[in-house]
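Structure file protein-v2.pdb with PDB, C-alpha atoms:
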ATOM      1  CA  MET A   1      10.277 -24.341  24.507
ATOM      2  CA  ALA A   2      10.824 -23.311  28.068
ATOM      3  CA  GLY A   3      11.182 -19.868  29.530
ATOM      4  CA  GLU A   4       9.764 -16.533  28.597
ATOM      5  CA  VAL A   5      10.207 -14.795  25.311
ATOM      6  CA  PRO A   6      11.879 -11.448  26.028
ATOM      7  CA  ASN A   7      10.205  -8.352  24.669
ATOM      8  CA  LEU A   8      12.682  -5.894  23.238
ATOM      9  CA  GLU A   9      10.190  -3.394  21.914
ATOM     10  CA  ALA A  10      11.370  -0.739  24.364
ATOM     11  CA  SER A  11      14.925  -1.041  23.073
ATOM     12  CA  LYS A  12      13.730   0.135  19.657
ATOM     13  CA  LEU A  13      16.068  -2.255  17.897
ATOM     14  CA  THR A  14      15.696  -2.614  14.144
ATOM     15  CA  ALA A  15      16.739  -5.482  11.910
ATOM     16  CA  LEU A  16      17.077  -6.439   8.269
ATOM     17  CA  VAL A  17      16.382  -9.974   7.034
ATOM     18  CA  VAL A  18      18.390 -10.873   3.930
ATOM     19  CA  ASP A  19      17.265 -14.191   2.451
ATOM     20  CA  ASP A  20      16.089 -15.352  -0.977
ATOM     21  CA  ASN A  21      13.799 -18.061   0.358
ATOM     22  CA  PHE A  22      10.178 -17.024   0.984
ATOM     23  CA  VAL A  23       9.641 -19.521   3.787
ATOM     24  CA  ASN A  24      12.781 -18.337   5.588
ATOM     25  CA  GLN A  25      11.796 -14.703   5.081
ATOM     26  CA  SER A  26       8.435 -15.387   6.675
ATOM     27  CA  VAL A  27       9.840 -17.304   9.616
ATOM     28  CA  HIS A  28      12.706 -14.910  10.359
ATOM     29  CA  HIS A  29      10.405 -11.906  10.079
ATOM     30  CA  LYS A  30       7.993 -13.464  12.576
ATOM     31  CA  LEU A  31      10.749 -14.490  14.978
ATOM     32  CA  LEU A  32      11.969 -10.885  15.099
ATOM     33  CA  ASP A  33       8.400  -9.577  15.395
ATOM     34  CA  ARG A  34       7.825 -11.861  18.348
ATOM     35  CA  LEU A  35      10.840 -10.365  20.087
ATOM     36  CA  GLY A  36       9.478  -6.890  19.440
ATOM     37  CA  ILE A  37      12.130  -5.993  16.878
ATOM     38  CA  LYS A  38      10.887  -4.006  13.899
ATOM     39  CA  ASN A  39      12.334  -5.485  10.746
ATOM     40  CA  ASP A  40      12.450  -5.245   6.966
ATOM     41  CA  VAL A  41      12.994  -8.081   4.535
ATOM     42  CA  VAL A  42      14.994  -8.161   1.294
ATOM     43  CA  SER A  43      15.664 -11.035  -1.090
ATOM     44  CA  ASN A  44      19.361 -10.872  -1.869
ATOM     45  CA  GLY A  45      22.664  -9.161  -1.160
ATOM     46  CA  GLN A  46      22.176  -6.531  -3.829
ATOM     47  CA  GLU A  47      18.890  -5.423  -2.299
ATOM     48  CA  ALA A  48      20.558  -5.287   1.106
ATOM     49  CA  VAL A  49      23.207  -2.959  -0.317
ATOM     50  CA  ASP A  50      20.598  -0.876  -2.153
ATOM     51  CA  VAL A  51      18.488  -0.379   0.952
ATOM     52  CA  HIS A  52      21.537   0.992   2.756
ATOM     53  CA  CYS A  53      22.384   3.229  -0.188
ATOM     54  CA  SER A  54      18.935   4.733   0.146
ATOM     55  CA  GLY A  55      19.859   5.768   3.658
ATOM     56  CA  ARG A  56      18.281   3.087   5.839
ATOM     57  CA  ASN A  57      20.214   1.718   8.745
ATOM     58  CA  TYR A  58      19.651  -1.230  11.064
ATOM     59  CA  ASP A  59      21.014  -2.412  14.374
ATOM     60  CA  LEU A  60      21.118  -6.010  13.218
ATOM     61  CA  ILE A  61      21.348  -7.696   9.823
ATOM     62  CA  LEU A  62      20.490 -11.385   9.470
ATOM     63  CA  MET A  63      22.456 -12.419   6.393
ATOM     64  CA  ASP A  64      21.838 -15.644   4.515
ATOM     65  CA  MET A  65      24.826 -17.011   2.604
ATOM     66  CA  ASP A  66      23.471 -18.421  -0.646
ATOM     67  CA  MET A  67      21.490 -15.904  -2.633
ATOM     68  CA  PRO A  68      21.299 -15.009  -6.319
ATOM     69  CA  ILE A  69      22.713 -11.775  -7.811
ATOM     70  CA  MET A  70      24.854 -11.067  -4.748
ATOM     71  CA  ASN A  71      25.444 -13.666  -2.045
ATOM     72  CA  GLY A  72      25.944 -13.148   1.695
ATOM     73  CA  ILE A  73      29.720 -13.089   1.598
ATOM     74  CA  GLN A  74      29.827 -10.491  -1.189
ATOM     75  CA  ALA A  75      27.109  -8.414   0.450
ATOM     76  CA  THR A  76      28.819  -8.458   3.849
ATOM     77  CA  ARG A  77      32.104  -7.360   2.286
ATOM     78  CA  ARG A  78      30.369  -4.624   0.320
ATOM     79  CA  LEU A  79      28.498  -3.282   3.347
ATOM     80  CA  ARG A  80      31.712  -3.144   5.367
ATOM     81  CA  GLU A  81      33.450  -1.363   2.491
ATOM     82  CA  MET A  82      30.627   1.151   2.538
ATOM     83  CA  GLY A  83      31.381   1.777   6.191
ATOM     84  CA  ILE A  84      28.249   0.110   7.537
ATOM     85  CA  GLU A  85      28.946  -0.774  11.139
ATOM     86  CA  SER A  86      25.695  -2.588  11.912
ATOM     87  CA  LYS A  87      26.008  -5.959  13.560
ATOM     88  CA  ILE A  88      25.800  -8.638  10.889
ATOM     89  CA  ALA A  89      24.909 -12.208  11.846
ATOM     90  CA  GLY A  90      25.406 -14.873   9.206
ATOM     91  CA  VAL A  91      22.568 -17.378   9.117
ATOM     92  CA  THR A  92      22.928 -20.398   6.882
ATOM     93  CA  THR A  93      22.484 -24.136   6.536
ATOM     94  CA  ARG A  94      26.099 -24.429   5.487
ATOM     95  CA  ALA A  95      28.266 -25.215   8.446
ATOM     96  CA  GLU A  96      31.505 -26.559   7.055
ATOM     97  CA  GLU A  97      34.501 -24.939   8.727
ATOM     98  CA  GLU A  98      35.951 -23.485   5.541
ATOM     99  CA  GLU A  99      32.697 -21.891   4.488
ATOM    100  CA  VAL A 100      31.989 -20.460   7.936
ATOM    101  CA  LYS A 101      35.527 -19.058   8.059
ATOM    102  CA  GLU A 102      35.135 -17.337   4.703
ATOM    103  CA  PHE A 103      31.797 -15.898   5.726
ATOM    104  CA  MET A 104      33.150 -14.649   9.083
ATOM    105  CA  GLU A 105      36.173 -13.103   7.389
ATOM    106  CA  ALA A 106      33.904 -11.141   5.089
ATOM    107  CA  GLY A 107      32.924  -9.100   8.136
ATOM    108  CA  LEU A 108      30.383 -10.958  10.236
ATOM    109  CA  ASN A 109      29.986 -10.311  13.959
ATOM    110  CA  ASP A 110      28.294 -13.640  14.643
ATOM    111  CA  PHE A 111      27.112 -16.804  12.954
ATOM    112  CA  GLN A 112      24.210 -19.182  13.517
ATOM    113  CA  GLU A 113      23.225 -22.371  11.798
ATOM    114  CA  LYS A 114      19.696 -22.627  10.442
ATOM    115  CA  PRO A 115      16.960 -23.257  11.347
ATOM    116  CA  LEU A 116      16.590 -20.089  13.326
ATOM    117  CA  THR A 117      14.689 -20.267  16.570
ATOM    118  CA  ILE A 118      13.785 -17.789  19.287
ATOM    119  CA  SER A 119      16.599 -19.028  21.505
ATOM    120  CA  LYS A 120      19.169 -18.826  18.684
ATOM    121  CA  LEU A 121      18.082 -15.269  17.982
ATOM    122  CA  VAL A 122      18.339 -14.350  21.670
ATOM    123  CA  SER A 123      21.786 -15.921  21.651
ATOM    124  CA  ILE A 124      22.782 -13.733  18.670
ATOM    125  CA  LEU A 125      21.453 -10.613  20.395
ATOM    126  CA  HIS A 126      23.316 -11.557  23.540
ATOM    127  CA  ASN A 127      26.602 -12.239  21.704
ATOM    128  CA  LEU A 128      26.316  -8.939  19.890
ATOM    129  CA  GLU A 129      25.510  -7.131  23.131
ATOM    130  CA  LEU A 130      22.229  -5.885  21.725
ATOM    131  CA  TYR A 131      20.374  -7.498  24.589
ATOM    132  CA  VAL A 132      21.441  -7.970  28.146
ATOM    133  CA  GLN A 133      19.402 -10.347  30.245
ATOM    134  CA  THR A 134      18.326  -8.764  33.517
TER     135      THR A 134
ATOM    136  CA  MET B   1     -11.839 -34.439  17.961
ATOM    137  CA  GLN B   2      -9.017 -32.586  19.704
ATOM    138  CA  ARG B   3      -7.531 -35.882  20.784
ATOM    139  CA  GLN B   4      -7.589 -37.111  17.193
ATOM    140  CA  VAL B   5      -5.721 -34.032  15.985
ATOM    141  CA  ALA B   6      -3.183 -34.474  18.756
ATOM    142  CA  LEU B   7      -2.703 -38.117  17.766
ATOM    143  CA  ILE B   8      -2.216 -37.297  14.081
ATOM    144  CA  LYS B   9       0.274 -34.616  14.965
ATOM    145  CA  GLN B  10       2.146 -36.929  17.315
ATOM    146  CA  SER B  11       2.408 -39.577  14.601
ATOM    147  CA  LEU B  12       3.858 -36.978  12.237
ATOM    148  CA  PHE B  13       6.611 -36.430  14.764
ATOM    149  CA  ASP B  14       7.052 -40.078  15.631
ATOM    150  CA  GLN B  15       7.452 -41.048  12.002
ATOM    151  CA  GLY B  16       9.984 -38.315  11.458
ATOM    152  CA  TYR B  17       7.969 -36.207   9.052
ATOM    153  CA  LEU B  18       8.191 -33.192  11.330
ATOM    154  CA  ASP B  19      10.808 -32.133  13.816
ATOM    155  CA  GLU B  20      11.122 -29.611  16.670
ATOM    156  CA  GLN B  21      11.361 -26.687  14.250
ATOM    157  CA  PHE B  22       7.644 -27.172  13.561
ATOM    158  CA  ILE B  23       6.976 -26.776  17.288
ATOM    159  CA  GLU B  24       9.004 -23.578  17.206
ATOM    160  CA  LEU B  25       6.683 -22.272  14.494
ATOM    161  CA  GLU B  26       3.575 -23.272  16.433
ATOM    162  CA  GLU B  27       4.863 -21.282  19.382
ATOM    163  CA  LEU B  28       5.167 -18.208  17.199
ATOM    164  CA  GLN B  29       1.451 -18.336  16.527
ATOM    165  CA  ASP B  30      -0.472 -15.932  18.729
ATOM    166  CA  ASP B  31      -3.531 -13.691  18.794
ATOM    167  CA  ALA B  32      -1.846 -11.177  16.525
ATOM    168  CA  ASN B  33      -1.076 -13.908  13.963
ATOM    169  CA  PRO B  34      -3.575 -16.702  14.591
ATOM    170  CA  ASN B  35      -2.927 -18.378  11.228
ATOM    171  CA  PHE B  36       0.824 -18.170  11.153
ATOM    172  CA  VAL B  37       1.531 -21.884  10.868
ATOM    173  CA  GLU B  38      -1.047 -22.343   8.132
ATOM    174  CA  GLU B  39       0.326 -19.350   6.218
ATOM    175  CA  VAL B  40       3.916 -20.543   6.382
ATOM    176  CA  ALA B  41       2.914 -24.110   5.515
ATOM    177  CA  THR B  42       0.966 -22.880   2.478
ATOM    178  CA  LEU B  43       3.931 -20.808   1.412
ATOM    179  CA  TYR B  44       6.164 -23.854   1.796
ATOM    180  CA  PHE B  45       3.910 -26.096  -0.291
ATOM    181  CA  LYS B  46       3.668 -23.537  -3.088
ATOM    182  CA  ASP B  47       7.397 -22.925  -3.084
ATOM    183  CA  SER B  48       8.148 -26.630  -2.998
ATOM    184  CA  ALA B  49       5.758 -27.447  -5.833
ATOM    185  CA  ARG B  50       7.602 -24.894  -7.940
ATOM    186  CA  LEU B  51      10.987 -26.334  -7.018
ATOM    187  CA  ILE B  52       9.922 -29.927  -7.647
ATOM    188  CA  SER B  53       8.544 -28.894 -11.017
ATOM    189  CA  ASN B  54      11.878 -27.241 -11.881
ATOM    190  CA  ILE B  55      13.757 -30.330 -10.764
ATOM    191  CA  GLU B  56      11.520 -32.609 -12.832
ATOM    192  CA  GLN B  57      12.047 -30.472 -15.912
ATOM    193  CA  ALA B  58      15.792 -30.343 -15.407
ATOM    194  CA  LEU B  59      15.942 -34.126 -15.097
ATOM    195  CA  GLU B  60      13.723 -34.708 -18.105
ATOM    196  CA  ARG B  61      15.929 -32.581 -20.271
ATOM    197  CA  GLY B  62      18.464 -35.381 -20.234
ATOM    198  CA  SER B  63      21.675 -33.410 -19.978
ATOM    199  CA  PHE B  64      22.297 -32.982 -16.304
ATOM    200  CA  ASP B  65      23.212 -29.529 -15.132
ATOM    201  CA  PHE B  66      24.365 -30.641 -11.705
ATOM    202  CA  ASN B  67      24.932 -27.110 -10.500
ATOM    203  CA  ARG B  68      21.397 -26.128 -11.318
ATOM    204  CA  LEU B  69      19.954 -29.269  -9.738
ATOM    205  CA  ASP B  70      22.099 -28.697  -6.677
ATOM    206  CA  ASN B  71      20.824 -25.137  -6.520
ATOM    207  CA  TYR B  72      17.181 -26.216  -6.554
ATOM    208  CA  MET B  73      17.903 -28.846  -3.937
ATOM    209  CA  HIS B  74      19.643 -26.318  -1.759
ATOM    210  CA  GLN B  75      16.599 -24.061  -1.855
ATOM    211  CA  PHE B  76      14.278 -26.960  -1.167
ATOM    212  CA  LYS B  77      16.410 -28.108   1.723
ATOM    213  CA  GLY B  78      16.498 -24.552   3.060
ATOM    214  CA  SER B  79      12.769 -24.115   3.291
ATOM    215  CA  SER B  80      12.237 -27.676   4.524
ATOM    216  CA  THR B  81      14.676 -26.969   7.344
ATOM    217  CA  SER B  82      12.879 -23.771   8.300
ATOM    218  CA  ILE B  83       9.482 -25.412   8.525
ATOM    219  CA  GLY B  84      10.680 -28.597  10.182
ATOM    220  CA  ALA B  85       9.922 -30.987   7.330
ATOM    221  CA  SER B  86      12.504 -33.446   8.493
ATOM    222  CA  LYS B  87      12.133 -36.314   6.011
ATOM    223  CA  VAL B  88      12.093 -34.020   3.010
ATOM    224  CA  LYS B  89      15.213 -32.328   4.306
ATOM    225  CA  THR B  90      16.988 -35.675   4.557
ATOM    226  CA  GLU B  91      15.983 -36.607   1.016
ATOM    227  CA  CYS B  92      17.308 -33.296  -0.289
ATOM    228  CA  THR B  93      20.642 -33.882   1.431
ATOM    229  CA  MET B  94      20.946 -37.330  -0.149
ATOM    230  CA  PHE B  95      19.966 -36.022  -3.547
ATOM    231  CA  ARG B  96      22.589 -33.307  -3.340
ATOM    232  CA  GLU B  97      25.240 -35.889  -2.617
ATOM    233  CA  TYR B  98      24.475 -37.473  -5.978
ATOM    234  CA  CYS B  99      24.631 -34.085  -7.646
ATOM    235  CA  ARG B 100      27.983 -33.510  -6.019
ATOM    236  CA  VAL B 101      29.327 -36.771  -7.365
ATOM    237  CA  GLY B 102      28.182 -35.636 -10.772
ATOM    238  CA  ASN B 103      28.385 -39.105 -12.160
ATOM    239  CA  ALA B 104      25.907 -39.317 -15.002
ATOM    240  CA  GLU B 105      25.788 -43.099 -15.096
ATOM    241  CA  GLY B 106      25.227 -43.682 -11.414
ATOM    242  CA  PHE B 107      23.067 -40.610 -11.256
ATOM    243  CA  LEU B 108      20.595 -41.910 -13.798
ATOM    244  CA  THR B 109      19.335 -44.792 -11.728
ATOM    245  CA  ILE B 110      19.651 -43.702  -8.145
ATOM    246  CA  PRO B 111      18.224 -40.182  -8.293
ATOM    247  CA  TYR B 112      15.047 -41.454  -9.887
ATOM    248  CA  LEU B 113      14.384 -43.563  -6.816
ATOM    249  CA  ARG B 114      15.485 -40.720  -4.559
ATOM    250  CA  ARG B 115      13.288 -38.354  -6.511
ATOM    251  CA  VAL B 116      10.284 -40.629  -6.114
ATOM    252  CA  GLN B 117      11.046 -41.057  -2.423
ATOM    253  CA  MET B 118      11.463 -37.329  -1.931
ATOM    254  CA  PHE B 119       8.246 -36.544  -3.714
ATOM    255  CA  GLU B 120       6.375 -39.197  -1.783
ATOM    256  CA  ASP B 121       7.692 -37.893   1.516
ATOM    257  CA  PHE B 122       6.750 -34.387   0.512
ATOM    258  CA  GLN B 123       3.256 -35.387  -0.542
ATOM    259  CA  ALA B 124       2.782 -37.369   2.638
ATOM    260  CA  THR B 125       3.933 -34.446   4.757
ATOM    261  CA  GLU B 126       1.651 -32.080   2.889
ATOM    262  CA  GLU B 127      -1.359 -34.348   3.101
ATOM    263  CA  ARG B 128      -0.965 -35.047   6.773
ATOM    264  CA  ALA B 129      -0.317 -31.439   7.646
ATOM    265  CA  ARG B 130      -3.400 -30.383   5.710
ATOM    266  CA  ASN B 131      -5.446 -32.996   7.558
ATOM    267  CA  VAL B 132      -4.224 -31.605  10.839
ATOM    268  CA  GLU B 133      -5.260 -28.121   9.721
ATOM    269  CA  LYS B 134      -8.689 -29.315   8.603
ATOM    270  CA  GLU B 135      -9.412 -30.988  11.903
ATOM    271  CA  ALA B 136      -8.250 -28.005  13.928
TER     272      ALA B 136
END
Now that the file is in, can you turn its structure into structure tokens?
Amino acid sequence: MAGEVPNLEASKLTALVVDDNFVNQSVHHKLLDRLGIKNDVVSNGQEAVDVHCSGRNYDLILMDMDMPIMNGIQATRRLREMGIESKIAGVTTRAEEEEVKEFMEAGLNDFQEKPLTISKLVSILHNLELYVQT
Amino acid sequence: MQRQVALIKQSLFDQGYLDEQFIELEELQDDANPNFVEEVATLYFKDSARLISNIEQALERGSFDFNRLDNYMHQFKGSSTSIGASKVKTECTMFREYCRVGNAEGFLTIPYLRRVQMFEDFQATEERARNVEKEA
């Protein structure tokens, strides 16, 4: 991996990882940590909704698609219905056009195919104008 | 000793057991988290053992719930992708194709071989990765 890893600690960005897979949770959490972004982790769409109901808010939500109880599409729709305006980036191994379209239409701001890497995350932040390279 | 570790690791990549995602994880390791790779790998092995056990049970039951099998495979593929376990990921993809076909007759013979292959690849990946850790 070439180049420097940007440090966004000063920007005080916060993020929420929504994924049912423990390995993914661990990796995504560490990727965000490495970029200096404080983040919480939940295991499914319902928990993502609940955490917002309790009053928490995040600049960025990394939303997995396939999760039990409430999946990424349902959760994204629900959060938008609730008036949550955070940037939501869909992150999934599914990349078929139809599925991506449905996910985007649920209310995503961006989409990335797994596996997540530092450069993909930076790309998300850049696309969502949460990070501007100087 | 260091050279030996480097050689083992290189062979893991050359033989397609690991891909560049594993390198990505290694680069996340730092002074604040000096055991990151080991921790994630351990998590992966535990999670995978659970999934493989579920898959075995589902197959032994005889009546194939393809949705459930596909679900387990999807999870297994997901974590394999995140850690860079390339061969296992490929096996999961193939296995899911058979689930998608949902043909009980064809499914009975082929998935057994795929299952064996998948498990062997997984065990090989685990063993080699653990050896790398031990040497390091």
Inset, instruction - Specify as number ranges by chain all residues of chain B found within 6 Å of chain A, counting only C-alpha atoms. - result: B: 44, 79, 81-82
Legend entry - Residue IDs satisfying the PyMOL selection byres ((chain A and resi 129) around 12), as a ChimeraX atom specification: /A:13,59-60,87,109-110,122-128,130-133
Can I get the selected residues back with C-alpha atoms, as a JSON list (two decimals), keeping the file's coordinate frame?
[["chain", "number", "residue", "atom", "x", "y", "z"],
["A", 13, "LEU", "CA", 16.07, -2.26, 17.90],
["A", 59, "ASP", "CA", 21.01, -2.41, 14.37],
["A", 60, "LEU", "CA", 21.12, -6.01, 13.22],
["A", 87, "LYS", "CA", 26.01, -5.96, 13.56],
["A", 109, "ASN", "CA", 29.99, -10.31, 13.96],
["A", 110, "ASP", "CA", 28.29, -13.64, 14.64],
["A", 122, "VAL", "CA", 18.34, -14.35, 21.67],
["A", 123, "SER", "CA", 21.79, -15.92, 21.65],
["A", 124, "ILE", "CA", 22.78, -13.73, 18.67],
["A", 125, "LEU", "CA", 21.45, -10.61, 20.40],
["A", 126, "HIS", "CA", 23.32, -11.56, 23.54],
["A", 127, "ASN", "CA", 26.60, -12.24, 21.70],
["A", 128, "LEU", "CA", 26.32, -8.94, 19.89],
["A", 130, "LEU", "CA", 22.23, -5.88, 21.72],
["A", 131, "TYR", "CA", 20.37, -7.50, 24.59],
["A", 132, "VAL", "CA", 21.44, -7.97, 28.15],
["A", 133, "GLN", "CA", 19.40, -10.35, 30.24]]
Legend entry - Contacts of Val88 in chain B within 12 Å, only C-alpha atoms, excl. fewer than 5 positions in-chain, as a ChimeraX atom specification: /B:16-19,44-45,48,52,73-83,93-95,114-126
Inset, instruction - Could you please determine the separation between CA of Phe36 in chain B and CA of Leu35 in chain A in Å, to one decimal place? - result: 15.5 Å
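The spacing separating CA of Tyr98 in chain B from CA of Gln74 in chain A amounts to 27.9 Å.
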Inset, instruction - Quick one: everything within 10 Å of Asn67 in chain B, counting only C-alpha atoms, minus sequence neighbours fewer than 4 positions away in the same chain. Send it as a ChimeraX atom specification. - result: /B:71-73,96,99-100,102
Inset, instruction - List the residues selected by the PyMOL selection byres ((chain A and resi 100-107) around 9) in the file shown, writing them as a list in words. - result: Met65, Gly72, Ile73, Gln74, Ala75, Thr76, Arg77, Arg78, Leu79, Arg80, Ile88, Gly90, Arg94, Ala95, Glu96, Glu97, Glu98, Glu99, Leu108, Asn109, Asp110 and Phe111 of chain A
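In this structure, CA of Leu16 in chain A sits 24.4 Å away from CA of Ile23 in chain B.
For the file at hand, the PyMOL selection byres ((chain A and resi 46) around 7) resolves to A:Asn44, A:Gly45, A:Glu47, A:Ala48, A:Val49, A:Asp50, A:Ile69, A:Met70, A:Ala75.
Non-sequential neighbours of Val17 in chain A (distance at most 9 Å, separation of 3 or more positions within a chain, all atoms listed in the file) are Gln25, His28, His29, Asn39, Asp40, Val41, Val42, Ser43, Ala48, Leu60, Ile61, Leu62, Met63 and Asp64 of chain A.
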So that all listed atoms of range 29-35 of chain B fit with 6 Å spare on each side, what axis-aligned box centre and edge lengths in Å, to one decimal, would you give as AutoDock Vina command-line options?
--center_x -1.1 --center_y -14.8 --center_z 15.0 --size_x 17.0 --size_y 19.2 --size_z 19.6
